[in-house]
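Peer 1: Provided herewith: final04.cif, mmCIF, C-alpha atoms.
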data_start
#
loop_
_atom_site.group_PDB
_atom_site.id
_atom_site.type_symbol
_atom_site.label_atom_id
_atom_site.label_comp_id
_atom_site.auth_asym_id
_atom_site.auth_seq_id
_atom_site.Cartn_x
_atom_site.Cartn_y
_atom_site.Cartn_z
ATOM 1 C CA MET A 569 4.197 3.078 10.608
ATOM 2 C CA ARG A 570 7.579 1.511 10.046
ATOM 3 C CA ALA A 571 9.222 1.361 6.632
ATOM 4 C CA VAL A 572 12.436 -0.508 5.832
ATOM 5 C CA VAL A 573 14.236 -0.058 2.504
ATOM 6 C CA LEU A 574 15.007 -3.604 1.348
ATOM 7 C CA VAL A 575 16.936 -2.517 -1.717
ATOM 8 C CA ASP A 576 18.067 0.783 -3.217
ATOM 9 C CA ASN A 577 21.020 1.975 -5.324
ATOM 10 C CA LEU A 578 22.992 2.761 -2.168
ATOM 11 C CA THR A 579 23.763 0.553 0.804
ATOM 12 C CA LYS A 580 25.528 0.563 4.132
ATOM 13 C CA GLY A 581 27.185 -2.409 5.786
ATOM 14 C CA THR A 582 26.826 -5.851 4.207
ATOM 15 C CA LEU A 583 23.401 -5.503 2.582
ATOM 16 C CA VAL A 584 23.444 -5.698 -1.224
ATOM 17 C CA ALA A 585 22.359 -2.821 -3.456
ATOM 18 C CA GLU A 586 21.138 -2.595 -7.056
ATOM 19 C CA TRP A 587 19.445 -0.191 -9.453
ATOM 20 C CA GLY A 588 15.977 -0.741 -8.037
ATOM 21 C CA LEU A 589 13.724 -0.094 -5.088
ATOM 22 C CA SER A 590 11.769 -2.222 -2.621
ATOM 23 C CA ILE A 591 10.259 -1.104 0.681
ATOM 24 C CA TYR A 592 8.767 -3.225 3.463
ATOM 25 C CA ILE A 593 6.060 -1.470 5.491
ATOM 26 C CA GLU A 594 4.408 -2.266 8.804
ATOM 27 C CA TYR A 595 1.191 -0.333 9.387
ATOM 28 C CA GLN A 596 -1.119 -0.891 12.359
ATOM 29 C CA GLY A 597 -0.213 -4.561 12.539
ATOM 30 C CA HIS A 598 -0.349 -5.113 8.768
ATOM 31 C CA LYS A 599 2.671 -6.052 6.649
ATOM 32 C CA ILE A 600 2.968 -4.608 3.136
ATOM 33 C CA LEU A 601 5.590 -4.843 0.383
ATOM 34 C CA LEU A 602 6.046 -1.970 -2.072
ATOM 35 C CA ASP A 603 7.933 -3.086 -5.186
ATOM 36 C CA THR A 604 10.545 -5.836 -5.446
ATOM 37 C CA GLY A 605 13.597 -4.291 -7.075
ATOM 38 C CA ALA A 606 15.184 -5.847 -10.156
ATOM 39 C CA SER A 607 16.112 -9.266 -8.732
ATOM 40 C CA ASP A 608 15.976 -11.374 -5.571
ATOM 41 C CA ARG A 609 18.371 -9.035 -3.739
ATOM 42 C CA PHE A 610 15.526 -7.399 -1.811
ATOM 43 C CA ALA A 611 14.556 -10.858 -0.491
ATOM 44 C CA ARG A 612 18.100 -11.721 0.534
ATOM 45 C CA ASN A 613 18.352 -8.404 2.365
ATOM 46 C CA ALA A 614 14.988 -9.029 4.065
ATOM 47 C CA GLU A 615 16.304 -12.335 5.359
ATOM 48 C CA ALA A 616 19.474 -10.658 6.641
ATOM 49 C CA LEU A 617 17.322 -8.064 8.414
ATOM 50 C CA GLY A 618 15.098 -10.698 10.009
ATOM 51 C CA ILE A 619 12.036 -9.729 7.948
ATOM 52 C CA ASP A 620 9.808 -12.678 7.005
ATOM 53 C CA LEU A 621 8.361 -12.015 3.539
ATOM 54 C CA GLY A 622 6.079 -15.012 4.030
ATOM 55 C CA LYS A 623 4.052 -12.898 6.489
ATOM 56 C CA VAL A 624 3.451 -10.019 4.062
ATOM 57 C CA GLU A 625 -0.323 -9.618 3.521
ATOM 58 C CA PHE A 626 -0.176 -7.956 0.112
ATOM 59 C CA GLY A 627 2.211 -6.247 -2.260
ATOM 60 C CA VAL A 628 1.936 -3.126 -4.401
ATOM 61 C CA LEU A 629 3.669 -2.513 -7.716
ATOM 62 C CA SER A 630 4.150 1.228 -8.138
ATOM 63 C CA HIS A 631 4.648 1.036 -11.908
ATOM 64 C CA ALA A 632 5.538 -1.368 -14.703
ATOM 65 C CA HIS A 633 9.339 -1.008 -14.899
ATOM 66 C CA TYR A 634 11.762 -3.902 -14.407
ATOM 67 C CA ASP A 635 13.710 -2.270 -11.558
ATOM 68 C CA HIS A 636 10.581 -2.408 -9.392
ATOM 69 C CA ALA A 637 8.883 -5.524 -10.766
ATOM 70 C CA ASP A 638 11.456 -8.181 -11.616
ATOM 71 C CA GLY A 639 11.712 -9.501 -8.066
ATOM 72 C CA VAL A 640 8.011 -10.415 -8.009
ATOM 73 C CA GLY A 641 8.779 -14.062 -8.727
ATOM 74 C CA ALA A 642 11.216 -14.171 -5.806
ATOM 75 C CA PHE A 643 8.494 -12.761 -3.556
ATOM 76 C CA PHE A 644 5.877 -15.289 -4.672
ATOM 77 C CA ALA A 645 8.412 -18.089 -4.098
ATOM 78 C CA ARG A 646 8.586 -16.986 -0.462
ATOM 79 C CA ASN A 647 4.938 -16.071 0.074
ATOM 80 C CA ALA A 648 2.174 -18.523 -0.841
ATOM 81 C CA ASP A 649 -0.869 -16.282 -0.362
ATOM 82 C CA ALA A 650 -0.325 -12.539 -0.841
ATOM 83 C CA CYS A 651 -1.577 -10.829 -3.984
ATOM 84 C CA PHE A 652 0.123 -7.932 -5.743
ATOM 85 C CA TYR A 653 -1.816 -4.784 -6.725
ATOM 86 C CA LEU A 654 -1.006 -3.221 -10.115
ATOM 87 C CA ARG A 655 -2.636 -0.287 -11.836
ATOM 88 C CA GLU A 656 -4.960 -1.304 -14.669
ATOM 89 C CA GLY A 657 -2.665 0.256 -17.286
ATOM 90 C CA ALA A 658 0.325 -1.909 -16.335
ATOM 91 C CA GLY A 659 1.559 -4.072 -19.198
ATOM 92 C CA GLU A 660 4.713 -5.552 -20.665
ATOM 93 C CA ASN A 661 5.201 -2.620 -23.010
ATOM 94 C CA CYS A 662 7.536 -0.019 -21.433
ATOM 95 C CA TYR A 663 10.629 1.217 -23.289
ATOM 96 C CA GLY A 664 13.430 3.687 -22.793
ATOM 97 C CA LYS A 665 14.976 5.474 -25.756
ATOM 98 C CA ARG A 666 18.671 6.150 -26.268
ATOM 99 C CA TRP A 667 19.533 7.938 -29.507
ATOM 100 C CA ILE A 668 17.302 6.171 -32.059
ATOM 101 C CA PHE A 669 17.090 2.864 -30.182
ATOM 102 C CA HIS A 670 14.240 1.704 -27.948
ATOM 103 C CA LYS A 671 15.217 -0.662 -25.138
ATOM 104 C CA TYR A 672 12.681 -2.747 -23.250
ATOM 105 C CA ILE A 673 12.548 -1.683 -19.571
ATOM 106 C CA GLY A 674 9.226 -3.210 -18.562
ATOM 107 C CA ILE A 675 8.006 -6.051 -16.383
ATOM 108 C CA HIS A 676 9.808 -9.319 -17.113
ATOM 109 C CA ARG A 677 8.099 -10.735 -20.181
ATOM 110 C CA GLY A 678 5.594 -13.439 -19.309
ATOM 111 C CA PHE A 679 5.210 -12.424 -15.637
ATOM 112 C CA LEU A 680 1.684 -11.049 -16.085
ATOM 113 C CA LYS A 681 0.508 -14.357 -17.525
ATOM 114 C CA LYS A 682 2.557 -16.577 -15.228
ATOM 115 C CA TYR A 683 1.304 -14.907 -12.043
ATOM 116 C CA ARG A 684 -2.147 -13.780 -13.214
ATOM 117 C CA ASP A 685 -3.888 -15.634 -10.390
ATOM 118 C CA ARG A 686 -2.062 -13.499 -7.830
ATOM 119 C CA LEU A 687 -2.315 -10.111 -9.532
ATOM 120 C CA VAL A 688 -5.087 -7.588 -8.867
ATOM 121 C CA PHE A 689 -5.513 -4.674 -11.268
ATOM 122 C CA THR A 690 -6.847 -1.417 -9.827
ATOM 123 C CA LYS A 691 -8.428 1.642 -11.425
ATOM 124 C CA ASP A 692 -8.111 5.290 -10.400
ATOM 125 C CA SER A 693 -8.067 4.707 -6.655
ATOM 126 C CA CYS A 694 -8.451 1.782 -4.314
ATOM 127 C CA ARG A 695 -8.681 1.290 -0.535
ATOM 128 C CA LEU A 696 -6.572 -1.703 0.430
ATOM 129 C CA ILE A 697 -7.197 -1.632 4.185
ATOM 130 C CA PRO A 698 -8.408 1.167 6.471
ATOM 131 C CA GLY A 699 -5.857 3.975 6.271
ATOM 132 C CA VAL A 700 -4.009 2.558 3.245
ATOM 133 C CA ASN A 701 -4.978 3.567 -0.290
ATOM 134 C CA LEU A 702 -3.706 3.541 -3.840
ATOM 135 C CA LEU A 703 -3.992 6.683 -5.945
ATOM 136 C CA ALA A 704 -3.461 6.824 -9.706
ATOM 137 C CA HIS A 705 -2.356 9.930 -11.599
ATOM 138 C CA HIS A 706 -5.036 12.404 -12.563
ATOM 139 C CA THR A 707 -2.733 15.218 -13.719
ATOM 140 C CA GLU A 708 -3.154 15.935 -17.429
ATOM 141 C CA GLY A 709 -0.322 16.183 -19.918
ATOM 142 C CA LEU A 710 2.072 13.717 -18.291
ATOM 143 C CA GLU A 711 3.181 12.482 -21.707
ATOM 144 C CA ALA A 712 5.402 15.582 -21.737
ATOM 145 C CA TYR A 713 7.299 14.061 -18.788
ATOM 146 C CA GLY A 714 7.602 10.800 -20.707
ATOM 147 C CA GLU A 715 9.001 12.595 -23.766
ATOM 148 C CA GLN A 716 11.394 14.636 -21.634
ATOM 149 C CA ASN A 717 12.741 11.510 -19.916
ATOM 150 C CA HIS A 718 12.829 9.367 -23.084
ATOM 151 C CA LEU A 719 10.238 6.911 -21.756
ATOM 152 C CA TYR A 720 7.780 5.271 -24.144
ATOM 153 C CA ILE A 721 4.950 2.786 -24.451
ATOM 154 C CA ARG A 722 4.805 0.410 -27.415
ATOM 155 C CA GLN A 723 1.215 0.130 -28.605
ATOM 156 C CA ASN A 724 -0.106 -1.329 -31.845
ATOM 157 C CA GLY A 725 3.420 -1.571 -33.213
ATOM 158 C CA ARG A 726 4.227 2.112 -32.543
ATOM 159 C CA TYR A 727 5.952 4.035 -29.771
ATOM 160 C CA ARG A 728 4.228 6.881 -27.922
ATOM 161 C CA ALA A 729 5.459 8.992 -25.039
ATOM 162 C CA ASP A 730 4.608 7.379 -21.713
ATOM 163 C CA SER A 731 1.874 9.215 -19.804
ATOM 164 C CA PHE A 732 2.232 6.793 -16.875
ATOM 165 C CA GLU A 733 -1.174 5.160 -16.865
ATOM 166 C CA HIS A 734 0.663 2.300 -15.130
ATOM 167 C CA GLU A 735 1.938 4.385 -12.191
ATOM 168 C CA GLN A 736 0.264 4.712 -8.795
ATOM 169 C CA SER A 737 1.134 6.030 -5.337
ATOM 170 C CA LEU A 738 0.658 4.218 -2.044
ATOM 171 C CA ILE A 739 -0.888 6.537 0.563
ATOM 172 C CA LEU A 740 -0.766 5.796 4.298
ATOM 173 C CA ASP A 741 -2.697 7.800 6.892
ATOM 174 C CA THR A 742 -0.622 8.341 10.050
ATOM 175 C CA LYS A 743 -0.970 10.493 13.169
ATOM 176 C CA GLU A 744 1.604 12.867 11.669
ATOM 177 C CA GLY A 745 -0.327 13.152 8.401
ATOM 178 C CA LEU A 746 -0.387 11.357 5.062
ATOM 179 C CA VAL A 747 2.726 9.531 3.866
ATOM 180 C CA ILE A 748 3.102 9.206 0.086
ATOM 181 C CA CYS A 749 5.156 6.307 -1.281
ATOM 182 C CA SER A 750 5.840 7.266 -4.873
ATOM 183 C CA SER A 751 8.779 4.995 -5.851
ATOM 184 C CA CYS A 752 9.863 6.869 -9.029
ATOM 185 C CA SER A 753 7.541 9.892 -9.322
ATOM 186 C CA HIS A 754 7.697 9.868 -13.127
ATOM 187 C CA GLY A 755 4.703 12.203 -13.216
ATOM 188 C CA GLY A 756 6.576 14.808 -11.146
ATOM 189 C CA ALA A 757 6.950 14.769 -7.360
ATOM 190 C CA ASP A 758 5.165 18.108 -7.041
ATOM 191 C CA ASN A 759 2.292 16.899 -9.226
ATOM 192 C CA ILE A 760 1.915 13.768 -7.115
ATOM 193 C CA ILE A 761 1.808 15.767 -3.893
ATOM 194 C CA GLN A 762 -0.865 17.992 -5.409
ATOM 195 C CA GLU A 763 -2.846 14.953 -6.556
ATOM 196 C CA VAL A 764 -2.873 13.717 -2.962
ATOM 197 C CA VAL A 765 -3.860 17.155 -1.656
ATOM 198 C CA THR A 766 -6.780 17.192 -4.104
ATOM 199 C CA ALA A 767 -7.851 13.646 -3.247
ATOM 200 C CA TYR A 768 -7.628 14.217 0.525
ATOM 201 C CA PRO A 769 -8.429 17.917 1.078
ATOM 202 C CA ASP A 770 -8.987 17.502 4.821
ATOM 203 C CA LYS A 771 -5.617 15.829 5.453
ATOM 204 C CA LYS A 772 -2.156 17.321 5.851
ATOM 205 C CA ILE A 773 0.772 15.788 3.966
ATOM 206 C CA HIS A 774 3.600 14.705 6.248
ATOM 207 C CA ALA A 775 6.133 12.871 4.083
ATOM 208 C CA MET A 776 7.007 11.481 0.668
ATOM 209 C CA ILE A 777 9.171 8.386 0.186
ATOM 210 C CA GLY A 778 10.639 7.327 -3.153
ATOM 211 C CA GLY A 779 12.759 8.229 -6.152
ATOM 212 C CA PHE A 780 12.155 11.474 -8.052
ATOM 213 C CA HIS A 781 13.623 10.462 -11.449
ATOM 214 C CA LEU A 782 15.944 13.451 -11.659
ATOM 215 C CA TYR A 783 19.225 11.850 -12.735
ATOM 216 C CA HIS A 784 18.921 13.410 -16.220
ATOM 217 C CA THR A 785 17.603 16.768 -14.952
ATOM 218 C CA SER A 786 19.513 20.053 -14.878
ATOM 219 C CA SER A 787 20.391 21.718 -11.576
ATOM 220 C CA GLU A 788 18.276 24.711 -12.537
ATOM 221 C CA ASP A 789 15.202 22.565 -13.094
ATOM 222 C CA ILE A 790 15.827 20.683 -9.835
ATOM 223 C CA ARG A 791 15.979 23.965 -7.925
ATOM 224 C CA THR A 792 12.700 25.015 -9.536
ATOM 225 C CA LEU A 793 11.139 21.697 -8.525
ATOM 226 C CA ALA A 794 12.411 22.153 -4.969
ATOM 227 C CA GLY A 795 10.664 25.515 -4.846
ATOM 228 C CA ARG A 796 7.394 23.962 -5.946
ATOM 229 C CA ILE A 797 7.763 21.197 -3.358
ATOM 230 C CA ARG A 798 8.441 23.800 -0.670
ATOM 231 C CA THR A 799 5.130 25.531 -1.382
ATOM 232 C CA THR A 800 3.176 22.309 -0.728
ATOM 233 C CA GLY A 801 4.019 22.418 2.987
ATOM 234 C CA ILE A 802 5.199 18.793 3.057
ATOM 235 C CA ARG A 803 7.461 18.208 6.058
ATOM 236 C CA LYS A 804 9.806 15.362 5.057
ATOM 237 C CA ILE A 805 11.238 13.944 1.842
ATOM 238 C CA TYR A 806 13.000 10.553 1.792
ATOM 239 C CA THR A 807 14.461 10.118 -1.666
ATOM 240 C CA GLY A 808 17.010 8.038 -3.555
ATOM 241 C CA HIS A 809 17.100 5.441 -6.346
ATOM 242 C CA CYS A 810 16.369 7.313 -9.617
ATOM 243 C CA THR A 811 16.776 10.736 -8.027
ATOM 244 C CA GLY A 812 20.540 10.431 -8.522
ATOM 245 C CA GLN A 813 23.222 11.677 -6.166
ATOM 246 C CA PRO A 814 23.906 15.034 -7.891
ATOM 247 C CA ALA A 815 20.178 15.825 -7.836
ATOM 248 C CA PHE A 816 19.933 14.756 -4.203
ATOM 249 C CA GLU A 817 22.695 17.209 -3.296
ATOM 250 C CA VAL A 818 20.832 20.051 -5.040
ATOM 251 C CA LEU A 819 17.588 19.145 -3.237
ATOM 252 C CA LYS A 820 19.530 19.082 0.015
ATOM 253 C CA GLU A 821 20.921 22.548 -0.673
ATOM 254 C CA GLU A 822 17.438 23.885 -1.367
ATOM 255 C CA LEU A 823 15.380 22.046 1.257
ATOM 256 C CA GLY A 824 17.940 21.313 3.976
ATOM 257 C CA ASP A 825 17.026 18.831 6.700
ATOM 258 C CA GLN A 826 13.625 18.362 5.088
ATOM 259 C CA VAL A 827 15.394 15.931 2.697
ATOM 260 C CA CYS A 828 16.802 12.554 3.788
ATOM 261 C CA GLN A 829 18.780 10.005 1.735
ATOM 262 C CA LEU A 830 17.285 6.597 0.990
ATOM 263 C CA TYR A 831 19.640 3.624 1.184
ATOM 264 C CA THR A 832 19.355 -0.138 1.533
ATOM 265 C CA GLY A 833 18.599 -0.949 5.153
ATOM 266 C CA LEU A 834 17.241 2.499 6.103
ATOM 267 C CA GLU A 835 14.467 2.302 8.687
ATOM 268 C CA ILE A 836 11.854 5.084 8.772
ATOM 269 C CA ILE A 837 9.530 5.381 11.774
ATOM 270 C CA ILE A 838 6.530 7.721 11.517
#
Write out the structure in this file as structure tokens.

Peer 2:
Amino acid sequence: MRAVVLVDNLTKGTLVAEWGLSIYIEYQGHKILLDTGASDRFARNAEALGIDLGKVEFGVLSHAHYDHADGVGAFFARNADACFYLREGAGENCYGKRWIFHKYIGIHRGFLKKYRDRLVFTKDSCRLIPGVNLLAHHTEGLEAYGEQNHLYIRQNGRYRADSFEHEQSLILDTKEGLVICSSCSHGGADNIIQEVVTAYPDKKIHAMIGGFHLYHTSSEDIRTLAGRIRTTGIRKIYTGHCTGQPAFEVLKEELGDQVCQLYTGLEIII
């Protein structure tokens, strides 16, 4: 498989960056788009890289936050046929809390209605094509992660801690082992790896690609997380976006060359 980061917080050269993530994937002749960042920047970078978004067969939305979903309209403007797969729990109802204030951080309002004919909602797991699957969280108690990270869902006029019923991982089966594309890993990178181990007990886990949502996390907790990741036996970690640079440096100290930095324009060959 080949994965190209179309947008991330960091960049090299002339490609534009933003707070968001989008990854283009080629897998056994198929072309897949994971997330669309927060604007059309991913599409402009794709054009600069010579990647034709019009040939993408389908897209996947990892979760219902603006920095992964708000470029969907730009993608549909460039691709007349591909659908986008969302988890069934995805809605326009995600909020972040700062002090006593709740700020909307969800999918651009009206997108779900505007593009309903091109959206496919999945349940716990879904095979997209042979070797490519979606896996939803099945770890209990994830609302504790939502509370810890000040992430909420507005439901029936009230706010509750997000338990990430809208988040899913893209799993690709390669000769090296399974590759997990987790985008933000709000439910915990170690939990997600274990979910994949449980779902595919006969497969080894080769790599994980995505943000780890650690930019508000203490160094001590990051080191503890690194220890848990180490015990999974995963071989490679490609992380950026919401991981945050200080957290990346701690992961690098703990896991060494096992950890690689995501940036706009990075190409990963597995």

Peer 1: Please list as an MDAnalysis selection string every residue within 9 Å of stretch 727-742 of chain A, counting only C-alpha atoms and excluding residues in the same chain fewer than 5 positions away.

Peer 2: chainID A and resid 569 595 602 628:632 654:659 662:663 670 692:693 698:705 708:716 718:722 747:755 760 764 771 774 838

Peer 1: Have a look at A:Glu586, A:Asp649, A:Glu660, A:Asp638 and name the one nearest to A:Lys681; count all atoms listed in the file.

Peer 2: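 Looking at the shortest contact to A:Lys681, the residue is A:Glu660.
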
Peer 1: Which of these, A:His676, A:Leu601, A:Leu830, A:Leu793, has the shortest distance to A:Ile619 once you count only C-alpha atoms?

Peer 2: A:Leu601

Peer 1: Take the PyMOL selection byres ((chain A and resi 610) around 10), apply it to the structure above, and return the hits as a ChimeraX atom specification.

Peer 2: /A:573-576,583-586,588-592,603-609,611-616,639,642-643,832-833

Peer 1: With distances taken over only C-alpha atoms, which of A:Arg666, A:Ile697, A:Tyr683, A:Leu823 is nearest to A:Thr792?

Peer 2: A:Leu823

Peer 1: So, counting only C-alpha atoms, which residue among A:Leu687, A:Leu819, A:Ile600, A:Leu617 is closest to A:Gly641?

Peer 2: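 That would be A:Leu687, the residue with the smallest distance to A:Gly641.
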
Peer 1: Quick one: which residues end up in the PyMOL selection byres ((chain A and resi 796-803) around 9) for this structure, as a PyMOL selection string?

Peer 2: chain A and resi 757-758+761-762+765+772-776+791-795+804-805+823+826-827

Peer 1: Rounded to one decimal in Å, what is the spacing between atom CA of A:Ala815 and atom CA of A:Leu578?

Peer 2: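 Spanning atom CA of A:Ala815 to atom CA of A:Leu578 is a straight-line distance of 14.5 Å.
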
Peer 1: Could you work out how far atom CA of A:Thr579 lies from atom CA of A:Ala648, giving the answer in Å with one decimal?

Peer 2: 28.9 Å

Peer 1: Any idea what the distance is between atom CA of A:Asn647 and atom CA of A:Gly779?

Peer 2: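 If I compute the distance from atom CA of A:Asn647 to atom CA of A:Gly779, I get 26.3 Å.
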
Peer 1: I need the residue nearest A:Tyr783 from this list: A:Val818, A:Val624, A:Ala637, A:Ala767. Use all atoms listed in the file for the distance.

Peer 2: A:Val818

Peer 1: Carefully work through the PyMOL selection byres ((chain A and resi 812) around 9) for this structure and note down the residues it includes, as a ChimeraX atom specification.

Peer 2: /A:779-784,808-811,813-817

Peer 1: Between A:His598, A:His706, A:His633, A:Lys820, which is the closest to A:Ile673 once you count all atoms listed in the file?

Peer 2: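 The shortest atom-to-atom distance to A:Ile673 comes from A:His633.
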
Peer 1: Write stretch 689-711 of chain A as a JSON list (two decimals), in the coordinates of the input, completed to N, CA, C and O atoms.

Peer 2:
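That gives us out-v1.json:
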[["chain", "number", "residue", "atom", "x", "y", "z"],
["A", 689, "PHE", "N", -5.66, -5.93, -10.55],
["A", 689, "PHE", "CA", -5.51, -4.67, -11.27],
["A", 689, "PHE", "C", -6.52, -3.65, -10.74],
["A", 689, "PHE", "O", -7.71, -3.94, -10.64],
["A", 690, "THR", "N", -6.01, -2.46, -10.41],
["A", 690, "THR", "CA", -6.85, -1.42, -9.83],
["A", 690, "THR", "C", -7.10, -0.31, -10.84],
["A", 690, "THR", "O", -6.39, -0.18, -11.85],
["A", 691, "LYS", "N", -8.11, 0.51, -10.55],
["A", 691, "LYS", "CA", -8.43, 1.64, -11.42],
["A", 691, "LYS", "C", -7.87, 2.92, -10.82],
["A", 691, "LYS", "O", -6.75, 2.96, -10.34],
["A", 692, "ASP", "N", -8.64, 3.99, -10.80],
["A", 692, "ASP", "CA", -8.11, 5.29, -10.40],
["A", 692, "ASP", "C", -7.68, 5.34, -8.94],
["A", 692, "ASP", "O", -6.69, 5.97, -8.59],
["A", 693, "SER", "N", -8.43, 4.73, -8.07],
["A", 693, "SER", "CA", -8.07, 4.71, -6.66],
["A", 693, "SER", "C", -8.63, 3.44, -6.04],
["A", 693, "SER", "O", -9.57, 2.84, -6.56],
["A", 694, "CYS", "N", -8.05, 3.04, -4.92],
["A", 694, "CYS", "CA", -8.45, 1.78, -4.31],
["A", 694, "CYS", "C", -8.08, 1.80, -2.84],
["A", 694, "CYS", "O", -6.94, 2.16, -2.49],
["A", 695, "ARG", "N", -9.01, 1.45, -1.95],
["A", 695, "ARG", "CA", -8.68, 1.29, -0.54],
["A", 695, "ARG", "C", -8.28, -0.15, -0.31],
["A", 695, "ARG", "O", -9.04, -1.08, -0.61],
["A", 696, "LEU", "N", -7.08, -0.36, 0.20],
["A", 696, "LEU", "CA", -6.57, -1.70, 0.43],
["A", 696, "LEU", "C", -6.98, -2.21, 1.80],
["A", 696, "LEU", "O", -7.47, -3.33, 1.94],
["A", 697, "ILE", "N", -6.75, -1.40, 2.82],
["A", 697, "ILE", "CA", -7.20, -1.63, 4.18],
["A", 697, "ILE", "C", -7.49, -0.25, 4.77],
["A", 697, "ILE", "O", -7.09, 0.76, 4.19],
["A", 698, "PRO", "N", -8.17, -0.16, 5.89],
["A", 698, "PRO", "CA", -8.41, 1.17, 6.47],
["A", 698, "PRO", "C", -7.10, 1.93, 6.68],
["A", 698, "PRO", "O", -6.15, 1.43, 7.28],
["A", 699, "GLY", "N", -7.03, 3.13, 6.13],
["A", 699, "GLY", "CA", -5.86, 3.98, 6.27],
["A", 699, "GLY", "C", -4.80, 3.79, 5.21],
["A", 699, "GLY", "O", -3.82, 4.53, 5.18],
["A", 700, "VAL", "N", -4.99, 2.83, 4.31],
["A", 700, "VAL", "CA", -4.01, 2.56, 3.24],
["A", 700, "VAL", "C", -4.73, 2.53, 1.91],
["A", 700, "VAL", "O", -5.64, 1.72, 1.70],
["A", 701, "ASN", "N", -4.31, 3.42, 1.00],
["A", 701, "ASN", "CA", -4.98, 3.57, -0.29],
["A", 701, "ASN", "C", -3.97, 3.63, -1.43],
["A", 701, "ASN", "O", -2.80, 3.99, -1.23],
["A", 702, "LEU", "N", -4.45, 3.31, -2.61],
["A", 702, "LEU", "CA", -3.71, 3.54, -3.84],
["A", 702, "LEU", "C", -4.34, 4.70, -4.59],
["A", 702, "LEU", "O", -5.57, 4.83, -4.62],
["A", 703, "LEU", "N", -3.50, 5.54, -5.18],
["A", 703, "LEU", "CA", -3.99, 6.68, -5.94],
["A", 703, "LEU", "C", -3.26, 6.74, -7.27],
["A", 703, "LEU", "O", -2.03, 6.80, -7.31],
["A", 704, "ALA", "N", -4.03, 6.73, -8.37],
["A", 704, "ALA", "CA", -3.46, 6.82, -9.71],
["A", 704, "ALA", "C", -3.34, 8.30, -10.11],
["A", 704, "ALA", "O", -3.98, 9.17, -9.53],
["A", 705, "HIS", "N", -2.50, 8.56, -11.10],
["A", 705, "HIS", "CA", -2.36, 9.93, -11.60],
["A", 705, "HIS", "C", -3.68, 10.45, -12.14],
["A", 705, "HIS", "O", -4.42, 9.73, -12.81],
["A", 706, "HIS", "N", -3.95, 11.74, -11.87],
["A", 706, "HIS", "CA", -5.04, 12.40, -12.56],
["A", 706, "HIS", "C", -4.60, 13.76, -13.10],
["A", 706, "HIS", "O", -5.41, 14.57, -13.52],
["A", 707, "THR", "N", -3.29, 14.02, -13.10],
["A", 707, "THR", "CA", -2.73, 15.22, -13.72],
["A", 707, "THR", "C", -2.70, 15.03, -15.23],
["A", 707, "THR", "O", -2.27, 13.99, -15.73],
["A", 708, "GLU", "N", -3.15, 16.02, -15.97],
["A", 708, "GLU", "CA", -3.15, 15.94, -17.43],
["A", 708, "GLU", "C", -1.79, 16.30, -18.00],
["A", 708, "GLU", "O", -1.01, 17.01, -17.38],
["A", 709, "GLY", "N", -1.52, 15.80, -19.18],
["A", 709, "GLY", "CA", -0.32, 16.18, -19.92],
["A", 709, "GLY", "C", 0.95, 15.51, -19.48],
["A", 709, "GLY", "O", 2.05, 16.00, -19.77],
["A", 710, "LEU", "N", 0.86, 14.36, -18.79],
["A", 710, "LEU", "CA", 2.07, 13.72, -18.29],
["A", 710, "LEU", "C", 2.92, 13.11, -19.40],
["A", 710, "LEU", "O", 4.08, 12.77, -19.17],
["A", 711, "GLU", "N", 2.36, 12.99, -20.61],
["A", 711, "GLU", "CA", 3.18, 12.48, -21.71],
["A", 711, "GLU", "C", 4.38, 13.40, -21.98],
["A", 711, "GLU", "O", 5.40, 12.96, -22.51]]
